[in-house]
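*Asks:* Pasting in a structure now, in structure tokens, and then I'll have a few things to ask.
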Amino acid sequence: RIGMVIFSGEPYSLCPLTTDYEMLQEYIDEISSDHIKTSGTAIGNALGMCINRLREIDSKSKVAILISDGDNTAGNLDPVTSAQLAKAFGVRVYTIVVGSSENLTEKVDEGTLREIAKISEGKFFRAKDAASLENIFEEINLLEKVEIKQNNSRNVRDFYHPYLRWSIAFLLISFALKNTFMGNILED
């Protein structure tokens with residue numbers, strides 16, 4: 001199951017944990033800066049929200065992928081504290097820093113993201129463009145292979161019961177009316 005938390009100055013749960021990847025893709029397509037009005041970067045709070053979602057799940061592999069510039073400027077939960085919580089709940093955090101300090105005017109803090117990955121037994125990555133980001137996701141996918149037993153049963157509700165009852169009632173009424181004067185009228 002995959003979920004998504006987006007963040008700026010505060011985290012926003014964009015999609016709960018789901019196996020409906022088409023719905024998740026629709027949510028991704030709708031991401032805009034209008035979702036969160038608070039400025040800043042609350043890495044610790046966003047990671048805390050992810051851990052809260054994953055902590056009660058019974059799974060061999062619990063993974064959070066954090067994509068950021070690493071510069072934590074908002075929020076009330078320290079990113080290192082969040083990483084310690086992740087380790088305590090068995091959540092491995094893979095961190096991906098986007099951009100480079102030479103090409104960006106914004107501050108890039110690799111140290112924080114490296115520390116989060118180290119504490120939570122994840123791995124740190126650097127993505128300079130879309131192709132390298134895609135390669136990183138493929139590598140994470142290879143690192144986190146888990147056999148999944150999927151239950152394909154569905155809870156089905158039958159809707160024929162009222163119709164069956166009405167048809168039996170009409171059948172019984174027709175048998176009852178057949179032996180009365182109405183039966184003679186219906187035969188003529």
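By convention here, the chains of the structure tokens are called A, B, ... in the order presented, each chain's residues are numbered starting at 1, and ligands are numbered starting at 1 in the order presented.
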Using only C-alpha atoms, find each residue of segment 118-182 of chain A with at least one atom at most 9 Å away from an atom of segment 75-87 of chain A; report its shortest atom-to-atom pair and that distance in Å (one decimal), sort the rows by chain and rising residue number, and return the result as CSV.

*Replies:*
residue,atom,partner,partner_atom,distance
A:Lys118,CA,A:Ala83,CA,8.6
A:Ile119,CA,A:Ala83,CA,6.0
A:Ser120,CA,A:Lys87,CA,4.7
A:Glu121,CA,A:Lys87,CA,7.4

*Asks:* What is the distance, in Å and to one decimal place, between atom CA of Tyr21 of chain A and atom CA of Val98 of chain A?

*Replies:* 23.9 Å

*Asks:* Could you name the residues that touch segment 28-30 of chain A at 10 Å or less, counting only C-alpha atoms, but leaving out those on the same chain fewer than 2 positions away, as a VMD selection string?

*Replies:* chain A and resid 4 6 14 to 15 22 to 26 32 to 33 35

*Asks:* Save the residues we just selected, N, CA, C and O atoms, as a short mmCIF file (atom, residue, chain, number, x, y, z; two decimals), in the first residue's frame?

*Replies:*
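Generated file (part_29.cif):
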data_model
loop_
_atom_site.label_atom_id
_atom_site.label_comp_id
_atom_site.auth_asym_id
_atom_site.auth_seq_id
_atom_site.Cartn_x
_atom_site.Cartn_y
_atom_site.Cartn_z
N MET A 4 0.49 9.19 0.47
CA MET A 4 1.30 10.37 0.17
C MET A 4 0.99 11.50 1.13
O MET A 4 -0.17 11.82 1.38
N ILE A 6 2.19 15.47 1.51
CA ILE A 6 2.93 16.59 0.96
C ILE A 6 3.12 17.60 2.08
O ILE A 6 2.37 17.61 3.06
N LEU A 14 -2.22 13.88 1.57
CA LEU A 14 -2.86 13.97 0.26
C LEU A 14 -3.64 12.70 -0.06
O LEU A 14 -4.72 12.76 -0.61
N CYS A 15 -3.09 11.54 0.32
CA CYS A 15 -3.74 10.28 0.00
C CYS A 15 -3.46 9.27 1.11
O CYS A 15 -2.30 9.07 1.48
N GLU A 22 -4.11 4.09 -9.48
CA GLU A 22 -4.69 5.06 -10.42
C GLU A 22 -5.21 6.28 -9.66
O GLU A 22 -5.02 7.42 -10.09
N MET A 23 -5.86 6.04 -8.51
CA MET A 23 -6.35 7.14 -7.69
C MET A 23 -5.17 7.96 -7.18
O MET A 23 -5.20 9.19 -7.19
N LEU A 24 -4.11 7.27 -6.75
CA LEU A 24 -2.93 7.96 -6.25
C LEU A 24 -2.33 8.84 -7.35
O LEU A 24 -1.94 9.98 -7.09
N GLN A 25 -2.28 8.34 -8.57
CA GLN A 25 -1.76 9.12 -9.69
C GLN A 25 -2.61 10.37 -9.93
O GLN A 25 -2.08 11.44 -10.22
N GLU A 26 -3.92 10.23 -9.78
CA GLU A 26 -4.80 11.39 -9.92
C GLU A 26 -4.50 12.44 -8.85
O GLU A 26 -4.48 13.64 -9.13
N SER A 32 -0.74 21.03 -5.99
CA SER A 32 -0.43 22.43 -6.30
C SER A 32 -0.03 23.14 -5.02
O SER A 32 -0.23 22.63 -3.92
N SER A 33 0.48 24.31 -5.18
CA SER A 33 0.90 25.09 -4.01
C SER A 33 -0.30 25.59 -3.21
O SER A 33 -0.14 26.08 -2.10
N HIS A 35 -2.54 23.72 -1.89
CA HIS A 35 -2.88 22.76 -0.84
C HIS A 35 -2.44 23.25 0.54
O HIS A 35 -3.12 23.02 1.52
#

*Asks:* Quick one: of A:Ser132, A:Asn179, A:Thr95, A:Ser8, who's nearest to Glu110 of chain A, counting only C-alpha atoms?

*Replies:*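 Among the listed residues, the smallest separation from Glu110 of chain A belongs to A:Thr95.
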
*Asks:* Could you check the closest approach to Asp129 of chain A for each of A:Val97, A:Asp71, A:Glu115, A:Lys60 and tell me which residue wins, using only C-alpha atoms?

*Replies:*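 Closest to Asp129 of chain A, using only C-alpha atoms: A:Val97.
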
*Asks:* Could you jot down the atom CA of Glu139 of chain A to atom CA of Phe124 of chain A separation for me, Å, one decimal place?

*Replies:* 11.6 Å

*Asks:* Please identify the strand (DSSP E or B) residues within segment 2-169 of chain A (assignment by DSSP from backbone atoms) and present them as a PyMOL selection string.

*Replies:* chain A and resi 2-7+11-18+62-68+91-98+124-127

*Asks:* My list of candidates is A:Ser61, A:Asn72, A:Thr112, A:Asn52. Which is closest to Gly9 of chain A when distances are computed with only C-alpha atoms?

*Replies:*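 Looking at the shortest contact to Gly9 of chain A, the residue is A:Asn72.
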
*Asks:* If we count only C-alpha atoms and set the cut-off at 12 Å, which residues sit around Glu56 of chain A, ignoring sequence neighbours fewer than 6 positions away in its own chain? Please answer as a list in words.

*Replies:*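 Counting only the stated atoms, we get Leu17, Cys50, Lys62, Phe89, Gly90 and Val91 of chain A.
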
*Asks:* Go ahead and dump the residues you just picked, all heavy atoms, as a PDB file, in the first residue's frame.

*Replies:*
ATOM      1  N   LEU A  17      -3.147   5.443   2.847  1.00  0.00           N
ATOM      2  CA  LEU A  17      -2.532   4.220   2.325  1.00  0.00           C
ATOM      3  C   LEU A  17      -3.543   3.471   1.471  1.00  0.00           C
ATOM      4  O   LEU A  17      -4.662   3.211   1.903  1.00  0.00           O
ATOM      5  CB  LEU A  17      -2.050   3.340   3.475  1.00  0.00           C
ATOM      6  CG  LEU A  17      -0.889   3.924   4.278  1.00  0.00           C
ATOM      7  CD1 LEU A  17      -0.628   3.074   5.515  1.00  0.00           C
ATOM      8  CD2 LEU A  17       0.347   4.022   3.435  1.00  0.00           C
ATOM      9  N   CYS A  50       3.856  10.671   8.448  1.00  0.00           N
ATOM     10  CA  CYS A  50       4.070   9.393   7.732  1.00  0.00           C
ATOM     11  C   CYS A  50       4.232   8.242   8.712  1.00  0.00           C
ATOM     12  O   CYS A  50       3.639   7.172   8.532  1.00  0.00           O
ATOM     13  CB  CYS A  50       5.314   9.480   6.848  1.00  0.00           C
ATOM     14  SG  CYS A  50       5.164  10.606   5.470  1.00  0.00           S
ATOM     15  N   LYS A  62       8.278  -1.467   6.136  1.00  0.00           N
ATOM     16  CA  LYS A  62       7.602  -0.169   6.240  1.00  0.00           C
ATOM     17  C   LYS A  62       8.600   0.878   5.767  1.00  0.00           C
ATOM     18  O   LYS A  62       9.683   1.004   6.330  1.00  0.00           O
ATOM     19  CB  LYS A  62       7.190   0.124   7.671  1.00  0.00           C
ATOM     20  CG  LYS A  62       6.203  -0.855   8.247  1.00  0.00           C
ATOM     21  CD  LYS A  62       5.897  -0.464   9.666  1.00  0.00           C
ATOM     22  CE  LYS A  62       5.166  -1.547  10.405  1.00  0.00           C
ATOM     23  NZ  LYS A  62       4.904  -1.185  11.795  1.00  0.00           N
ATOM     24  N   PHE A  89       9.517   2.580  15.414  1.00  0.00           N
ATOM     25  CA  PHE A  89       8.340   1.917  14.862  1.00  0.00           C
ATOM     26  C   PHE A  89       8.664   1.044  13.654  1.00  0.00           C
ATOM     27  O   PHE A  89       7.757   0.552  12.978  1.00  0.00           O
ATOM     28  CB  PHE A  89       7.267   2.947  14.479  1.00  0.00           C
ATOM     29  CG  PHE A  89       6.585   3.551  15.675  1.00  0.00           C
ATOM     30  CD1 PHE A  89       6.787   4.885  15.998  1.00  0.00           C
ATOM     31  CD2 PHE A  89       5.753   2.793  16.472  1.00  0.00           C
ATOM     32  CE1 PHE A  89       6.170   5.449  17.097  1.00  0.00           C
ATOM     33  CE2 PHE A  89       5.122   3.345  17.570  1.00  0.00           C
ATOM     34  CZ  PHE A  89       5.333   4.678  17.887  1.00  0.00           C
ATOM     35  N   GLY A  90       9.947   0.837  13.371  1.00  0.00           N
ATOM     36  CA  GLY A  90      10.347  -0.053  12.293  1.00  0.00           C
ATOM     37  C   GLY A  90      10.122   0.507  10.898  1.00  0.00           C
ATOM     38  O   GLY A  90       9.926  -0.242   9.946  1.00  0.00           O
ATOM     39  N   VAL A  91      10.155   1.829  10.771  1.00  0.00           N
ATOM     40  CA  VAL A  91       9.970   2.475   9.473  1.00  0.00           C
ATOM     41  C   VAL A  91      11.337   2.896   8.941  1.00  0.00           C
ATOM     42  O   VAL A  91      12.057   3.645   9.594  1.00  0.00           O
ATOM     43  CB  VAL A  91       9.052   3.717   9.576  1.00  0.00           C
ATOM     44  CG1 VAL A  91       8.919   4.410   8.225  1.00  0.00           C
ATOM     45  CG2 VAL A  91       7.689   3.321  10.118  1.00  0.00           C
TER      46      VAL A  91
END

*Asks:* Could you give me, as a PyMOL selection string, each residue of segment 2-182 of chain A that DSSP assigns to alpha helix (DSSP H) when run on this structure's backbone?

*Replies:* chain A and resi 21-29+43-54+79-88+110-119+130-143+161-178+181-182
